[in-house]
Each structure stands twice: as structure tokens, then as C-alpha cells.
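**Student:** Structure in C-alpha cells, see below.
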2 protein chains.
Amino acid sequence: MREAYQSDLRHIVDDLLDMADLVGTALEAATTSLLEGDLGLAERVIAADTHIDERQVELDTKAVELLARQAPVAGDLRLLVAALRMSSSLERMGDLCAHVALVARRTHPELAVPARHREQIARMSELGGAALREAAQVIADRDLALAAQVEKDDEELDDLMLEVSREISRGEGYTNGQVVDLTLLIRFYERIGDHAVSLVRRVGFLVTGDSLDTLNERVDVSEF
Amino acid sequence: MREAYQSDLRHIVDDLLDMADLVGTALEAATTSLLEGDLGLAERVIAADTHIDERQVELDTKAVELLARQAPVAGDLRLLVAALRMSSSLERMGDLCAHVALVARRTHPELAVPARHREQIARMSELGGAALREAAQVIADRDLALAAQVEKDDEELDDLMLEVSREISRGEGYTNGQVVDLTLLIRFYERIGDHAVSLVRRVGFLVTGDSLDTLNERVDVSEF
């Protein structure tokens, strides 16, 4: 019984890591569909988001069942509480990947990202993916050593968002539609970084018992 | 002891309602600062967001303590789990209000919202505030009768976001900076509506035991 309980707790962590894998795959595919104008790939990313949503519902249900059946305390309780928050962040990251693909689908056959911003958007996607992989590592090992790297990636993401938005605001030769799309896209990538930071902060709660973080954005959109 | 526990559970609900009040006040003030170009008011909204963040940390801490001490089951457990999700949504709604005020502060003394969009933005703020008040009512009464109205307000918010974004994309006489700001602003208001919907869905979980919702956006940004 006790063993079954411990293995249930391990499965919660495995489920979080599976969700993180799904989101990482969605992020790469969404960015490829965006930058290459690959409509079929965009459609697949959009369709696949329902799987991530379903995984969250399954994970939440398991976690609530364990809370009810096992009345966990201390670290086990913190794990389940943190998992319920982390599953929300991962699900939301999946939504944001789908949003990127939705922009790719809507603008097809045009490319939503003008050539002068391709590298910046590709880099934002890389940073989001790196932050997500590092956060998953932190979840798997409960080792906060990598947490600082996640924050660093997120800061670079924030800086890129501000850089792109300033270039747009001061630049010429954009249609209004391009400005709308780019503004949304850089915000989607920046939010993915914020959620990665919140994931590692929740591992901090899990390990140290410090308060659950509030998901604040360090970037001040007023700097745009 | 049992009585103390029941009163602790009631306090969790009271804390959620207090957070909802703070967010509602922040939303009205943020929109006033935006539409009137009131820099002092914008500063106060930005500063006040830390209070909402602190309230979330207090509420989360209480909820986790109750989970540990009381090992609640059934409805009491669902209340605490739902409260942990609802506090996240309310804290995020507070961030979004602060983001509106940050745009007001950055653009001051200019107005971020061109005259032709003032009424639409004012209406989006009204709808967000109404959805929030209705969601608080649903939380207070555990009565899902109002839930449909929250969804209705959110749909009108989604429609307004699409209307404004289409007008921007097809319109003329905007600076790129105005397009960036308007795109962010309508997204902030639309997200406030989404979070109000997620609040009432979590009351649904609390009352019925159905799965915790995933916070999906019904609006498809690809319709922009």
C-alpha cells in the first residue's frame, strides 16, 4: 500500500515530465510552422494541444485522488500542491505554442515574421525550449542548481521581446497586421519563459517549503 | 476544533472574495488611468499589485496548512484545491490590470488609446469587471446560475478584441507604437475575461467534483 503510494507520487512527476516533453515538441514544431510557413505542421500543432489539455486533466485528477486517499503531509503534500500548479503552467505553455501555430495558419501563405525579425523569433523559441528543458530537469532531479539558468534564459527572452517591440515601434515598412502579429508572437514566447520560471519556483516550494510563487512577469511591458 | 476548521474554510472563501474586490478596484482604476491619462492613478494601480500578490501568498499558505493539518476529503478538499487555482487566476488578473496601468504610464502624457477606440476599450473593461463580480458571486454562493453570464461577458470581450484588432489591421493613421499598445491592451482585457471564466469553472469542480478546468481561450487569435 505504502509502496503503491510512493509509486503513485513518482508517476505524478513522470506525468509532469511527459507534459513538458509534449510542450517542448509543440514549441519547436510551432516555430518551424511559423518561420517556414508550413500549414500542415501548424494544423498538427493546433490539433495536438488537446492531448496536452487531456494530460493535465488526468494529472490533476490523480493528484486530487492522492490528496484524498493518502492525506499526505510535508514533502509529499508539497509535491502534490506544486504538481497542481505546474500542470497549469505546462498546459498554458501548450496553449501558447498553439497560438504561435494559429498565427502561422492565419497568415499562410504569407509569412507572419518579416525577414528582419526571423533570427530574433527563432532565438526566442530556442530560449523558451531551453528554459523548458532545464525546468523539466529541475523537476526530475529536485535540484535547483539549474534554476538560475532558467531565469537567465527568461531574462534574455524578455530583452529580445523589448528589442523587437522597440524595432517595430520605431521602424517602417510594416503593415498594421504585421505589427499586430509580431506583438502577439513575441508576447507568446515571452510568456513561455515566464511559465518556465514559475515551474522552477514551484520546485523551490517543493524542496524548501517556501511559499508558492506568484507568476509575476519581470519584464515591464511599459518598457515597450 | 471542528468549528475552528470550518471557520478556517470560510476564511479561505472570504480571502478569495477580498482578492476579487482588490482586482475589481484595480481594473476600474487602471482603465481610468488609461483613458484619462492619469499618471498618478496609474502609479497607484502598479504599486497596489504587490498587495494582491501578498494576498495570494497568504491564501496559498493557509490552504496548504489546512490540507496538512485537517486532511480534508470530498467537498472540503475540493474547496482547498479549487482555491489554490482560483488564487492564481486572481493574482494573474491583478497583473493584467497593472499591465494596463503600465501602458498608461509609458504613453503619458499621450493617450495610448486613439479616440476611435475609446468606447471599445471602456466596454472591454466594463465587461471584465462584470465577469469578475459575477464570478465572485458564484464563489460566494456556490451557485452556478450566474456562470452562464460570465461566459456571455467573456464572449462579448472576445468579439470586441477581434473587432478592434480587425479595425487596426485594416485601418490607417496609426503609428506602429499605437498598434503595439492596442494589441497588448485588448489582449490584457480579453485574458481578464478568460480568467473570470476559469474561476467559475473551478467553482463547478468544487460543487460537482468534475475535473478542474484547463484555462483555454475560446477566442482563436488566428481570427485576428
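Each chain in the C-alpha cells gets a letter, A, B and so on, in the order shown; residues start at 1 in every chain, and ligands are counted from 1 in the order they appear.
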Identify, on the basis of only C-alpha atoms, every residue whose closest approach to Ser169 of chain B does not exceed 9 Å; exclude the query and any residue fewer than 5 positions from it along the same chain; express the result as a list in words.

**Tutor:**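 Everything that qualifies: Thr175, Asn176, Gly177, Gln178, Val179 and Val180 of chain A; Val164, Val179 and Phe224 of chain B.
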
**Student:** I need the chosen residues saved as a short mmCIF file (atom, residue, chain, number, x, y, z; two decimals), in the first residue's frame, with N, CA, C and O atoms.

**Tutor:**
data_model
loop_
_atom_site.label_atom_id
_atom_site.label_comp_id
_atom_site.auth_asym_id
_atom_site.auth_seq_id
_atom_site.Cartn_x
_atom_site.Cartn_y
_atom_site.Cartn_z
N THR A 175 3.12 46.43 -42.23
CA THR A 175 1.68 46.65 -42.25
C THR A 175 1.18 46.60 -40.80
O THR A 175 1.84 46.00 -39.93
N ASN A 176 0.00 47.18 -40.55
CA ASN A 176 -0.57 47.10 -39.19
C ASN A 176 -0.76 45.65 -38.78
O ASN A 176 -0.56 45.28 -37.63
N GLY A 177 -1.16 44.82 -39.76
CA GLY A 177 -1.38 43.41 -39.45
C GLY A 177 -0.09 42.73 -39.00
O GLY A 177 -0.09 41.91 -38.07
N GLN A 178 1.02 43.09 -39.65
CA GLN A 178 2.31 42.52 -39.25
C GLN A 178 2.67 42.96 -37.83
O GLN A 178 3.19 42.16 -37.04
N VAL A 179 2.37 44.20 -37.51
CA VAL A 179 2.69 44.69 -36.16
C VAL A 179 1.85 43.96 -35.12
O VAL A 179 2.35 43.54 -34.07
N VAL A 180 0.56 43.76 -35.43
CA VAL A 180 -0.31 43.02 -34.51
C VAL A 180 0.26 41.61 -34.29
O VAL A 180 0.44 41.16 -33.16
N VAL B 164 -11.70 45.10 -32.63
CA VAL B 164 -10.65 46.14 -32.57
C VAL B 164 -9.45 45.72 -33.40
O VAL B 164 -8.91 46.51 -34.19
N VAL B 179 -0.27 50.65 -32.53
CA VAL B 179 -0.75 49.30 -32.86
C VAL B 179 -0.23 48.30 -31.83
O VAL B 179 -0.98 47.43 -31.34
N PHE B 224 -7.70 36.98 -35.72
CA PHE B 224 -7.31 38.40 -35.77
C PHE B 224 -7.26 38.88 -37.21
O PHE B 224 -6.76 38.19 -38.09
#

**Student:** For His11 of chain B, please output as an MDAnalysis selection string all residues within 12 Å (counting only C-alpha atoms; exclusion window: fewer than 3 positions along the same chain).

**Tutor:** chainID B and resid 4:8 14:18 58:59 62:63 66 79:80 83 140

**Student:** Now that the selection is made, can you save its residues with all heavy atoms as a compact mmCIF listing (two decimals), in the first residue's frame?

**Tutor:**
# COMPACT_ATOMS: atom_id res chain seq x y z
N ALA B 4 -13.36 25.43 14.48
CA ALA B 4 -12.25 26.27 14.03
C ALA B 4 -11.92 25.93 12.59
O ALA B 4 -11.68 26.82 11.77
CB ALA B 4 -11.04 26.04 14.93
N TYR B 5 -11.97 24.64 12.28
CA TYR B 5 -11.66 24.18 10.92
C TYR B 5 -12.68 24.75 9.93
O TYR B 5 -12.31 25.31 8.89
CB TYR B 5 -11.66 22.65 10.91
CG TYR B 5 -11.65 21.99 9.57
CD1 TYR B 5 -10.75 22.35 8.58
CD2 TYR B 5 -12.55 20.96 9.29
CE1 TYR B 5 -10.74 21.71 7.34
CE2 TYR B 5 -12.55 20.31 8.08
CZ TYR B 5 -11.65 20.68 7.10
OH TYR B 5 -11.66 20.05 5.90
N GLN B 6 -13.96 24.64 10.29
CA GLN B 6 -15.00 25.16 9.39
C GLN B 6 -14.83 26.67 9.20
O GLN B 6 -15.02 27.19 8.09
CB GLN B 6 -16.39 24.84 9.96
CG GLN B 6 -16.77 23.36 9.84
CD GLN B 6 -16.64 22.84 8.40
OE1 GLN B 6 -16.93 23.57 7.44
NE2 GLN B 6 -16.16 21.62 8.26
N SER B 7 -14.43 27.35 10.25
CA SER B 7 -14.27 28.80 10.10
C SER B 7 -13.02 29.10 9.27
O SER B 7 -13.00 30.07 8.50
CB SER B 7 -14.24 29.47 11.48
OG SER B 7 -12.97 29.99 11.74
N ASP B 8 -11.99 28.25 9.37
CA ASP B 8 -10.82 28.42 8.50
C ASP B 8 -11.21 28.27 7.03
O ASP B 8 -10.74 29.03 6.17
CB ASP B 8 -9.75 27.37 8.85
CG ASP B 8 -9.05 27.68 10.18
OD1 ASP B 8 -9.12 28.84 10.62
OD2 ASP B 8 -8.49 26.74 10.76
N ASP B 14 -13.57 33.85 2.03
CA ASP B 14 -13.55 35.30 2.24
C ASP B 14 -12.30 35.91 1.61
O ASP B 14 -12.35 36.99 1.01
CB ASP B 14 -13.58 35.63 3.74
CG ASP B 14 -14.90 35.22 4.38
OD1 ASP B 14 -15.89 35.05 3.65
OD2 ASP B 14 -14.93 35.03 5.62
N ASP B 15 -11.17 35.22 1.76
CA ASP B 15 -9.92 35.74 1.19
C ASP B 15 -10.00 35.81 -0.33
O ASP B 15 -9.52 36.77 -0.94
CB ASP B 15 -8.73 34.87 1.61
CG ASP B 15 -8.43 34.97 3.11
OD1 ASP B 15 -8.91 35.93 3.74
OD2 ASP B 15 -7.74 34.08 3.64
N LEU B 16 -10.62 34.80 -0.94
CA LEU B 16 -10.79 34.83 -2.40
C LEU B 16 -11.66 36.04 -2.79
O LEU B 16 -11.36 36.75 -3.76
CB LEU B 16 -11.45 33.54 -2.90
CG LEU B 16 -10.56 32.29 -2.91
CD1 LEU B 16 -11.42 31.05 -3.16
CD2 LEU B 16 -9.49 32.41 -3.99
N LEU B 17 -12.72 36.27 -2.03
CA LEU B 17 -13.62 37.38 -2.35
C LEU B 17 -12.91 38.72 -2.14
O LEU B 17 -13.11 39.65 -2.94
CB LEU B 17 -14.90 37.30 -1.51
CG LEU B 17 -15.74 36.04 -1.75
CD1 LEU B 17 -16.92 35.99 -0.79
CD2 LEU B 17 -16.23 35.99 -3.21
N ASP B 18 -12.07 38.80 -1.11
CA ASP B 18 -11.28 40.03 -0.91
C ASP B 18 -10.35 40.26 -2.09
O ASP B 18 -10.22 41.39 -2.58
CB ASP B 18 -10.46 39.94 0.39
CG ASP B 18 -11.35 40.01 1.63
OD1 ASP B 18 -12.53 40.40 1.49
OD2 ASP B 18 -10.86 39.66 2.73
N GLU B 58 -0.55 34.61 1.14
CA GLU B 58 -1.21 34.31 2.42
C GLU B 58 -2.26 33.22 2.24
O GLU B 58 -2.33 32.26 3.00
CB GLU B 58 -1.88 35.57 2.98
CG GLU B 58 -0.91 36.64 3.47
CD GLU B 58 -1.61 37.99 3.66
OE1 GLU B 58 -2.86 38.02 3.76
OE2 GLU B 58 -0.89 39.01 3.68
N LEU B 59 -3.07 33.38 1.18
CA LEU B 59 -4.14 32.42 0.96
C LEU B 59 -3.58 31.03 0.67
O LEU B 59 -4.03 30.02 1.23
CB LEU B 59 -5.03 32.89 -0.19
CG LEU B 59 -6.36 32.17 -0.41
CD1 LEU B 59 -7.36 33.09 -1.12
CD2 LEU B 59 -6.19 30.89 -1.20
N LYS B 62 -2.28 29.43 3.87
CA LYS B 62 -3.41 28.94 4.68
C LYS B 62 -3.96 27.64 4.12
O LYS B 62 -4.21 26.67 4.85
CB LYS B 62 -4.54 29.96 4.68
CG LYS B 62 -4.48 31.01 5.76
CD LYS B 62 -5.82 31.77 5.81
CE LYS B 62 -5.62 33.22 6.15
NZ LYS B 62 -6.90 33.99 6.11
N ALA B 63 -4.15 27.60 2.81
CA ALA B 63 -4.77 26.43 2.18
C ALA B 63 -3.88 25.20 2.34
O ALA B 63 -4.36 24.11 2.67
CB ALA B 63 -5.03 26.71 0.70
N LEU B 66 -4.05 23.96 5.89
CA LEU B 66 -5.30 23.22 6.15
C LEU B 66 -5.23 21.83 5.55
O LEU B 66 -5.68 20.85 6.16
CB LEU B 66 -6.50 23.99 5.60
CG LEU B 66 -6.97 25.17 6.45
CD1 LEU B 66 -8.03 25.97 5.72
CD2 LEU B 66 -7.52 24.66 7.78
N LEU B 79 -12.65 22.28 -2.18
CA LEU B 79 -12.61 23.73 -1.93
C LEU B 79 -11.17 24.22 -1.88
O LEU B 79 -10.81 25.22 -2.52
CB LEU B 79 -13.31 24.06 -0.61
CG LEU B 79 -13.10 25.50 -0.09
CD1 LEU B 79 -13.66 26.52 -1.08
CD2 LEU B 79 -13.73 25.69 1.28
N LEU B 80 -10.32 23.49 -1.16
CA LEU B 80 -8.93 23.95 -0.99
C LEU B 80 -8.17 23.84 -2.31
O LEU B 80 -7.39 24.74 -2.66
CB LEU B 80 -8.25 23.15 0.12
CG LEU B 80 -8.82 23.42 1.52
CD1 LEU B 80 -8.21 22.47 2.54
CD2 LEU B 80 -8.59 24.87 1.93
N ALA B 83 -9.43 26.57 -4.49
CA ALA B 83 -8.97 27.87 -4.00
C ALA B 83 -7.54 28.14 -4.44
O ALA B 83 -7.18 29.27 -4.79
CB ALA B 83 -9.07 27.93 -2.48
N ALA B 140 -19.02 33.02 -3.87
CA ALA B 140 -19.63 33.28 -2.56
C ALA B 140 -20.82 32.35 -2.31
O ALA B 140 -20.98 31.81 -1.22
CB ALA B 140 -20.09 34.73 -2.48

**Student:** Hey, what does DSSP flag as helix (DSSP H, G or I) within segment 33-223 of chain B? Can you give it to me as a VMD selection string?

**Tutor:** chain B and resid 33 to 36 39 to 70 74 to 107 115 to 141 144 to 170 176 to 208 221 to 223

**Student:** Extract, using only C-alpha atoms, all DNA, RNA and protein residues at most 12 Å from segment 118-120 of chain B, discarding same-chain residues fewer than 6 positions from it, and format them as JSON, numbers by chain.

**Tutor:** {"B": [31, 32, 34, 35, 36, 111, 112, 126, 127, 156, 157, 158, 159, 160, 161, 162, 163, 164, 165, 167, 182, 185, 186, 189]}

**Student:** Can you work out which one of B:Gly75, B:Pro114, B:Gly129, B:Gly204 has the shortest atom-to-atom distance to chain A, counting only C-alpha atoms?

**Tutor:** B:Gly75

**Student:** In Å to one decimal, how far is atom CA of Val138 of chain B from atom CA of Gly24 of chain B?

**Tutor:**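 So the two atoms, atom CA of Gly24 of chain B and atom CA of Val138 of chain B, lie 15.2 Å apart.
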
**Student:** So that I can see what lies close to Asp95 of chain A, please list as a list in words the residues with an atom at most 9 Å from it, counting only C-alpha atoms and leaving out residues fewer than 2 positions away in the same chain.

**Tutor:**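 My list of contacting residues is Ile46, Asp49, Ile52, Asp53, Leu90, Glu91, Arg92, Met93, Cys97, Ala98, His99 and Val100 of chain A; Leu215, Asn216 and Glu217 of chain B.
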
**Student:** Do you know which residues are at most 12 Å from Asp141 of chain A counting only C-alpha atoms, after dropping those on the same chain fewer than 4 positions away, and could you put them as a PyMOL selection string?

**Tutor:** chain A and resi 10+13-14+17+134-137+145-147+200+203-204+206-207

**Student:** Quick one: pull the distance between atom CA of Thr61 of chain B and atom CA of Ala47 of chain B, Å, one decimal.

**Tutor:** 22.8 Å

**Student:** For Thr208 of chain B, which residue out of B:Ile139, B:Leu84, B:Ala130, B:Ala74 is the nearest one, using only C-alpha atoms?

**Tutor:** B:Ala74

**Student:** Within 7 Å of Gly128 of chain A, counting only C-alpha atoms, which residues qualify if same-chain residues fewer than 3 places away don't, as a PyMOL selection string?

**Tutor:** chain A and resi 124-125+131-132+189+192-193

**Student:** Between atom CA of Ile121 of chain B and atom CA of Leu27 of chain B, what is the distance in Å, rounded to a tenth?

**Tutor:**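 So the answer is 12.0 Å.
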
**Student:** Which residues, written as a list in words, have at least one atom at most 10 Å from Thr25 of chain A, with only C-alpha atoms counted and residues fewer than 5 positions away on the same chain left out?

**Tutor:**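 My list of contacting residues is Met19, Ala20, Ala30, Val45, Gly94, Cys97 and Gly129 of chain A.
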
**Student:** Restricting the calculation to only C-alpha atoms: of A:Arg44, A:His108, A:Arg170, A:Arg142, which residue gets closest to chain B?

**Tutor:**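 That would be A:Arg170, the residue with the smallest distance to chain B.
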